[in-house]
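Just target_10.txt here, compact mmCIF, C-alpha atoms and all ligand atoms:
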```
# COMPACT_ATOMS: atom_id res chain seq x y z
CA MET A 21 -6.69 -12.48 -16.09
CA THR A 22 -8.72 -9.36 -16.18
CA THR A 23 -7.57 -6.63 -13.90
CA GLY A 24 -10.45 -4.24 -14.36
CA THR A 25 -10.22 -0.55 -14.88
CA PRO A 26 -8.98 1.48 -11.96
CA ARG A 27 -12.01 3.24 -10.61
CA ARG A 28 -10.26 5.76 -8.51
CA THR A 29 -6.84 7.18 -8.32
CA LEU A 30 -4.80 6.88 -5.20
CA LEU A 31 -5.27 10.51 -4.41
CA ARG A 32 -8.83 11.66 -4.65
CA ALA A 33 -8.61 15.13 -3.23
CA ALA A 34 -6.40 17.91 -4.38
CA VAL A 35 -3.86 18.90 -1.83
CA ALA A 36 -4.19 22.46 -0.73
CA GLY A 37 -1.33 24.68 -1.65
CA THR A 38 -0.01 22.59 -4.51
CA ALA A 39 -0.55 22.74 -8.20
CA VAL A 40 -1.13 19.03 -8.51
CA THR A 41 -4.75 18.15 -9.00
CA ALA A 42 -6.66 15.06 -8.04
CA GLY A 43 -7.00 12.30 -10.56
CA VAL A 44 -4.00 13.36 -12.54
CA THR A 45 -1.29 11.93 -10.42
CA LEU A 46 -2.00 8.28 -11.03
CA THR A 47 -3.99 8.24 -14.19
CA ALA A 48 -2.40 10.68 -16.59
CA SER A 49 0.02 9.18 -19.06
CA SER A 50 1.72 12.45 -19.80
CA ALA A 51 4.87 13.25 -17.93
CA GLY A 52 4.82 15.63 -15.02
CA ALA A 53 7.75 17.47 -13.59
CA ALA A 54 10.13 15.20 -11.75
CA VAL A 55 10.10 15.83 -8.05
CA THR A 56 13.21 15.71 -5.95
CA ARG A 57 11.96 16.19 -2.45
CA PRO A 58 14.38 17.68 0.00
CA ARG A 59 14.57 15.63 3.14
CA SER A 60 13.20 18.53 5.17
CA ALA A 61 9.97 18.37 3.17
CA ARG A 62 8.68 15.17 4.70
CA PRO A 63 4.97 14.83 4.03
CA ALA A 64 3.24 15.72 7.26
CA THR A 65 -0.41 15.10 6.49
CA PRO A 66 -2.34 12.16 5.03
CA ASP A 67 -2.98 14.05 1.78
CA GLN A 68 0.65 15.05 1.42
CA ALA A 69 1.74 11.46 2.03
CA LEU A 70 -0.71 10.16 -0.57
CA LEU A 71 0.52 12.74 -3.05
CA GLU A 72 4.12 11.71 -2.52
CA LEU A 73 3.27 8.05 -3.07
CA SER A 74 1.19 8.95 -6.10
CA GLU A 75 4.02 10.89 -7.68
CA GLY A 76 6.54 8.21 -6.85
CA ASN A 77 4.39 5.52 -8.43
CA LYS A 78 4.03 7.65 -11.51
CA ARG A 79 7.81 7.92 -11.82
CA TRP A 80 8.10 4.15 -11.38
CA ARG A 81 5.50 3.15 -13.93
CA THR A 82 6.79 5.61 -16.50
CA PHE A 83 10.39 4.45 -16.08
CA ARG A 84 11.54 7.76 -14.63
CA GLN A 85 12.40 6.47 -11.18
CA GLN A 86 14.94 8.52 -9.28
CA HIS A 87 15.93 6.06 -6.55
CA PRO A 88 15.92 8.99 -4.12
CA HIS A 89 17.53 9.23 -0.72
CA GLU A 90 20.36 6.76 -1.15
CA THR A 91 23.36 9.06 -0.98
CA GLU A 92 26.12 8.90 1.61
CA THR A 93 24.81 12.13 3.12
CA VAL A 94 21.35 10.67 3.53
CA ARG A 95 22.72 7.50 5.07
CA GLN A 96 24.70 9.51 7.62
CA THR A 97 21.76 11.78 8.39
CA LEU A 98 19.63 8.76 9.13
CA VAL A 99 22.05 7.42 11.71
CA THR A 100 20.48 9.64 14.32
CA GLY A 101 16.84 9.00 13.54
CA GLN A 102 14.10 8.24 11.06
CA HIS A 103 10.97 10.08 10.01
CA PRO A 104 9.15 7.87 7.50
CA PHE A 105 5.96 9.38 6.13
CA ALA A 106 3.96 6.26 5.32
CA VAL A 107 3.43 2.74 6.52
CA VAL A 108 2.90 0.40 3.61
CA LEU A 109 1.40 -2.97 4.50
CA GLY A 110 2.08 -5.05 1.45
CA CYS A 111 2.40 -8.64 0.32
CA ILE A 112 5.67 -10.58 0.41
CA ASP A 113 5.49 -10.98 -3.37
CA SER A 114 8.91 -10.29 -4.92
CA ARG A 115 7.29 -8.35 -7.74
CA VAL A 116 5.81 -5.69 -5.47
CA PRO A 117 8.51 -4.05 -3.36
CA PRO A 118 7.01 -0.84 -1.96
CA GLU A 119 10.19 1.22 -2.11
CA LEU A 120 10.47 0.53 -5.83
CA ALA A 121 6.77 0.78 -6.66
CA PHE A 122 6.63 4.21 -5.03
CA ASP A 123 10.17 5.28 -5.94
CA GLN A 124 11.15 6.02 -2.36
CA GLY A 125 14.42 5.65 -0.53
CA LEU A 126 16.00 5.27 2.85
CA GLY A 127 13.96 6.62 5.71
CA ASP A 128 10.85 7.24 3.60
CA LEU A 129 8.62 4.23 4.12
CA MET A 130 8.00 1.86 6.97
CA THR A 131 7.15 -1.34 5.18
CA VAL A 132 5.36 -4.26 6.76
CA ARG A 133 4.96 -7.27 4.53
CA SER A 134 3.08 -10.50 5.01
CA ALA A 135 1.61 -12.88 2.46
CA GLY A 136 -1.71 -11.45 1.32
CA GLU A 137 -1.23 -8.50 3.73
CA VAL A 138 -2.55 -10.81 6.43
CA LEU A 139 -2.76 -9.30 9.88
CA ASP A 140 -1.49 -10.87 13.03
CA GLU A 141 -0.28 -9.44 16.33
CA ALA A 142 3.21 -8.78 15.00
CA VAL A 143 1.88 -6.99 11.93
CA LEU A 144 -0.59 -4.97 13.99
CA GLY A 145 2.10 -4.09 16.48
CA SER A 146 4.45 -3.00 13.72
CA ILE A 147 1.82 -0.74 12.16
CA ALA A 148 0.87 0.68 15.55
CA TYR A 149 4.51 1.42 16.24
CA GLY A 150 4.83 3.42 13.06
CA VAL A 151 1.64 5.37 13.62
CA LEU A 152 1.72 5.94 17.35
CA GLU A 153 5.44 6.20 18.05
CA LEU A 154 6.68 7.76 14.82
CA GLU A 155 3.47 9.69 14.10
CA ILE A 156 3.25 8.49 10.53
CA PRO A 157 0.18 10.07 8.86
CA LEU A 158 -0.66 7.32 6.35
CA VAL A 159 -1.18 3.57 6.38
CA LEU A 160 -1.53 2.12 2.91
CA VAL A 161 -2.77 -1.45 2.54
CA LEU A 162 -1.35 -2.60 -0.78
CA GLY A 163 -2.74 -5.68 -2.50
CA HIS A 164 -1.72 -6.72 -5.98
CA GLN A 165 -2.79 -8.45 -9.16
CA SER A 166 -2.21 -12.22 -9.24
CA CYS A 167 -1.57 -12.58 -5.52
CA GLY A 168 -0.47 -16.14 -4.84
CA ALA A 169 -1.61 -16.03 -1.23
CA VAL A 170 -5.11 -15.01 -2.25
CA ALA A 171 -5.16 -17.64 -4.99
CA ALA A 172 -4.09 -20.27 -2.48
CA ALA A 173 -6.83 -19.25 -0.09
CA VAL A 174 -9.44 -19.45 -2.84
CA GLU A 175 -8.18 -22.82 -4.00
CA ALA A 176 -8.06 -24.19 -0.46
CA GLU A 177 -11.68 -23.27 0.07
CA GLU A 178 -12.75 -24.73 -3.25
CA THR A 179 -10.92 -28.03 -2.78
CA GLY A 180 -11.25 -28.37 0.95
CA GLU A 181 -7.62 -29.42 1.19
CA ARG A 182 -5.52 -28.10 4.05
CA LEU A 183 -2.41 -26.16 3.21
CA PRO A 184 0.91 -27.14 4.74
CA ALA A 185 2.09 -25.83 8.09
CA HIS A 186 1.43 -22.17 8.79
CA ILE A 187 0.23 -21.43 5.26
CA GLN A 188 -3.23 -22.53 6.36
CA TYR A 189 -3.28 -19.61 8.78
CA LEU A 190 -2.89 -17.23 5.86
CA ALA A 191 -5.74 -18.91 3.98
CA ASP A 192 -7.96 -18.80 7.05
CA GLN A 193 -7.37 -15.07 7.41
CA ILE A 194 -8.10 -14.34 3.75
CA LYS A 195 -11.13 -16.65 3.57
CA PRO A 196 -13.77 -14.13 4.78
CA ALA A 197 -12.87 -11.92 1.83
CA ILE A 198 -13.44 -14.55 -0.86
CA ASP A 199 -15.84 -13.20 -3.48
CA HIS A 200 -18.27 -16.01 -4.28
CA SER A 201 -20.05 -13.96 -6.92
CA GLN A 202 -17.11 -14.58 -9.23
CA HIS A 203 -15.46 -17.73 -10.56
CA GLY A 204 -12.01 -18.80 -11.66
CA ASP A 205 -9.41 -16.10 -12.16
CA ALA A 206 -12.09 -13.43 -11.70
CA ARG A 207 -12.79 -14.79 -8.22
CA VAL A 208 -9.13 -14.49 -7.28
CA ASP A 209 -8.93 -11.00 -8.71
CA ALA A 210 -12.08 -9.83 -6.95
CA THR A 211 -10.86 -11.38 -3.73
CA VAL A 212 -7.59 -9.46 -3.97
CA SER A 213 -9.58 -6.24 -3.77
CA ALA A 214 -12.00 -7.56 -1.15
CA ASN A 215 -9.10 -8.68 1.01
CA VAL A 216 -7.53 -5.23 0.88
CA LYS A 217 -10.84 -3.70 1.94
CA MET A 218 -11.20 -6.21 4.76
CA VAL A 219 -7.70 -5.53 6.08
CA GLN A 220 -8.25 -1.79 5.73
CA ALA A 221 -11.51 -2.05 7.69
CA ARG A 222 -9.88 -4.09 10.44
CA LEU A 223 -7.14 -1.52 10.82
CA ALA A 224 -9.67 1.29 10.82
CA ALA A 225 -11.47 -0.46 13.69
CA GLU A 226 -8.38 -0.42 15.89
CA PRO A 227 -9.21 2.13 18.60
CA ASP A 228 -5.82 3.80 18.73
CA LEU A 229 -5.68 4.15 14.97
CA ALA A 230 -9.32 5.24 14.71
CA ALA A 231 -8.68 8.03 17.19
CA ARG A 232 -5.95 9.46 15.01
CA VAL A 233 -8.14 9.12 11.92
CA SER A 234 -10.91 11.07 13.62
CA GLN A 235 -8.41 13.78 14.50
CA GLY A 236 -7.35 14.09 10.88
CA LYS A 237 -3.85 12.95 11.72
CA LEU A 238 -4.04 9.60 9.93
CA ALA A 239 -5.55 8.04 6.85
CA ILE A 240 -5.86 4.29 6.32
CA VAL A 241 -6.14 3.65 2.61
CA GLY A 242 -6.53 0.50 0.53
CA ALA A 243 -4.91 0.19 -2.88
CA ARG A 244 -3.84 -2.29 -5.54
CA TYR A 245 -0.70 -2.65 -7.59
CA GLU A 246 -1.27 -3.97 -11.08
CA LEU A 247 1.61 -6.07 -12.36
CA THR A 248 0.51 -5.38 -15.92
CA ASN A 249 1.17 -1.65 -15.89
CA GLN A 250 2.66 -1.05 -12.43
CA LEU A 251 -0.15 1.33 -11.55
CA VAL A 252 -1.20 1.72 -7.94
CA HIS A 253 -4.82 2.71 -7.61
CA ARG A 254 -6.98 3.29 -4.62
CA ILE A 255 -9.77 0.84 -3.87
CA ALA A 256 -10.83 1.57 -0.31
ZN ZN B 1 0.64 -11.48 -2.92
```

Any chance you could put this one into structure tokens?
Amino acid sequence: MTTGTPRRTLLRAAVAGTAVTAGVTLTASSAGAAVTRPRSARPATPDQALLELSEGNKRWRTFRQQHPHETETVRQTLVTGQHPFAVVLGCIDSRVPPELAFDQGLGDLMTVRSAGEVLDEAVLGSIAYGVLELEIPLVLVLGHQSCGAVAAAVEAEETGERLPAHIQYLADQIKPAIDHSQHGDARVDATVSANVKMVQARLAAEPDLAARVSQGKLAIVGARYELTNQLVHRIA
């Protein structure tokens, strides 16, 4: 299956006040300095949150993961509260666990996972909780290469056969994103990206989330994880 060339990195804009430049953080193969973020330095803005995820993914895909924020001290500190800096809406796929893919630890990410990143009231409520109650500055919709849920939705449409039980609901939700300009594996792959964009757009249309976006307090970003090289790259 072709995965295409990442067109954009996760972080497009340089973050003011740092030495890290745009485009480097997810595309450069050379090693950067390992970052051990003190817990007090929680990313507070959308750009800072994207940068942290970008750097964490770079550690992960270059086999320099730190498994941060797992110590006894961290665990005790977290007893009294949590301040995650990103909501990651990802797929249930066992090969794409957000905490590993972004090399984050306890208290860092609020992860919401459903097959094919499909939205329902529980997923929307979970994301809204993170953004509105915990004031998280970033929602990342994370699709991935070879998504079985997307493949099932494509196949269901092509064959006309209904999927068992509640799996049909997933297919129905993904269906509007199916890319009919492609065929075979390319159709599934294109639909993975289109589905991320569709979910991202639906979230962006939520009034409470849109208000925070317009205030510069929140970014809603679409991205893909490639199983082949473990790169996360921005697509919407
Ligand atoms: Zn999947």

Can you work out which residues are within 9 Å of ligand ZN 1 (chain B), considering only C-alpha atoms and all ligand atoms, and then hand them over as a PyMOL selection string? chain A and resi 110-116+134-137+163-171+212

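If you measure from each of A:Leu120, A:Val108, A:Ile255, A:Val174 to Gly204 of chain A using all atoms listed in the file, the closest one turns out to be A:Val174.
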
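As for atom CA of Gly236 of chain A and atom CA of Tyr149 of chain A, they are spaced 18.2 Å apart.
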
Please provide the set of residues having any atom within 7 Å of Gly76 of chain A, restricted to only C-alpha atoms, with same-chain residues fewer than 5 positions apart removed, written as a PyMOL selection string. chain A and resi 122-124

Å distance separating atom CA of Asp205 of chain A from atom CA of Arg244 of chain A, one decimal place: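 So the two atoms, atom CA of Asp205 of chain A and atom CA of Arg244 of chain A, lie 16.3 Å apart.
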
Neighbour list for segment 182-191 of chain A as a PyMOL selection string, cut-off 7 Å, all atoms listed in the file, skip fewer than 5 positions in-chain: chain A and resi 138+172-173+176

Please rebuild segment 94-121 of chain A with N, CA and C atoms and return the result as a compact mmCIF listing (two decimals), keeping the file's coordinate frame.
```txt
# COMPACT_ATOMS: atom_id res chain seq x y z
N VAL A 94 22.62 11.14 2.97
CA VAL A 94 21.35 10.67 3.53
C VAL A 94 21.60 9.55 4.53
N ARG A 95 22.46 8.64 4.17
CA ARG A 95 22.72 7.50 5.07
C ARG A 95 23.27 7.99 6.42
N GLN A 96 24.14 9.00 6.37
CA GLN A 96 24.70 9.51 7.62
C GLN A 96 23.65 10.28 8.42
N THR A 97 22.82 11.03 7.71
CA THR A 97 21.76 11.78 8.39
C THR A 97 20.83 10.84 9.14
N LEU A 98 20.59 9.70 8.55
CA LEU A 98 19.63 8.76 9.13
C LEU A 98 20.19 7.98 10.32
N VAL A 99 21.47 8.13 10.57
CA VAL A 99 22.05 7.42 11.71
C VAL A 99 21.37 7.85 13.01
N THR A 100 21.01 9.11 13.06
CA THR A 100 20.48 9.64 14.32
C THR A 100 18.97 9.57 14.45
N GLY A 101 18.29 9.11 13.40
CA GLY A 101 16.84 9.00 13.54
C GLY A 101 16.16 8.77 12.20
N GLN A 102 14.89 8.47 12.28
CA GLN A 102 14.10 8.24 11.06
C GLN A 102 12.76 8.94 11.18
N HIS A 103 12.27 9.42 10.05
CA HIS A 103 10.97 10.08 10.01
C HIS A 103 10.19 9.63 8.77
N PRO A 104 9.90 8.35 8.67
CA PRO A 104 9.15 7.87 7.50
C PRO A 104 7.76 8.50 7.46
N PHE A 105 7.24 8.68 6.25
CA PHE A 105 5.96 9.38 6.13
C PHE A 105 4.79 8.45 5.83
N ALA A 106 5.06 7.19 5.59
CA ALA A 106 3.96 6.26 5.32
C ALA A 106 4.33 4.86 5.80
N VAL A 107 3.32 4.17 6.29
CA VAL A 107 3.43 2.74 6.52
C VAL A 107 2.78 2.06 5.33
N VAL A 108 3.49 1.18 4.68
CA VAL A 108 2.90 0.40 3.61
C VAL A 108 2.82 -1.05 4.08
N LEU A 109 1.60 -1.55 4.21
CA LEU A 109 1.40 -2.97 4.50
C LEU A 109 1.17 -3.67 3.17
N GLY A 110 2.17 -4.40 2.74
CA GLY A 110 2.08 -5.05 1.45
C GLY A 110 2.30 -6.55 1.55
N CYS A 111 2.21 -7.20 0.40
CA CYS A 111 2.40 -8.64 0.32
C CYS A 111 3.91 -8.93 0.22
N ILE A 112 4.26 -10.18 0.51
CA ILE A 112 5.67 -10.58 0.41
C ILE A 112 6.12 -10.75 -1.03
N ASP A 113 5.21 -10.68 -1.97
CA ASP A 113 5.49 -10.98 -3.37
C ASP A 113 6.72 -10.19 -3.86
N SER A 114 7.65 -10.91 -4.48
CA SER A 114 8.91 -10.29 -4.92
C SER A 114 8.72 -9.28 -6.03
N ARG A 115 7.54 -9.28 -6.62
CA ARG A 115 7.29 -8.35 -7.74
C ARG A 115 6.70 -7.03 -7.28
N VAL A 116 6.47 -6.90 -5.98
CA VAL A 116 5.81 -5.69 -5.47
C VAL A 116 6.56 -5.10 -4.28
N PRO A 117 7.80 -4.70 -4.47
CA PRO A 117 8.51 -4.05 -3.36
C PRO A 117 8.10 -2.60 -3.22
N PRO A 118 7.56 -2.20 -2.08
CA PRO A 118 7.01 -0.84 -1.96
C PRO A 118 8.01 0.27 -2.28
N GLU A 119 9.25 0.12 -1.85
CA GLU A 119 10.19 1.22 -2.11
C GLU A 119 10.39 1.44 -3.61
N LEU A 120 10.33 0.37 -4.38
CA LEU A 120 10.47 0.53 -5.83
C LEU A 120 9.16 1.03 -6.45
N ALA A 121 8.06 0.43 -6.06
CA ALA A 121 6.77 0.78 -6.66
C ALA A 121 6.40 2.24 -6.42
```
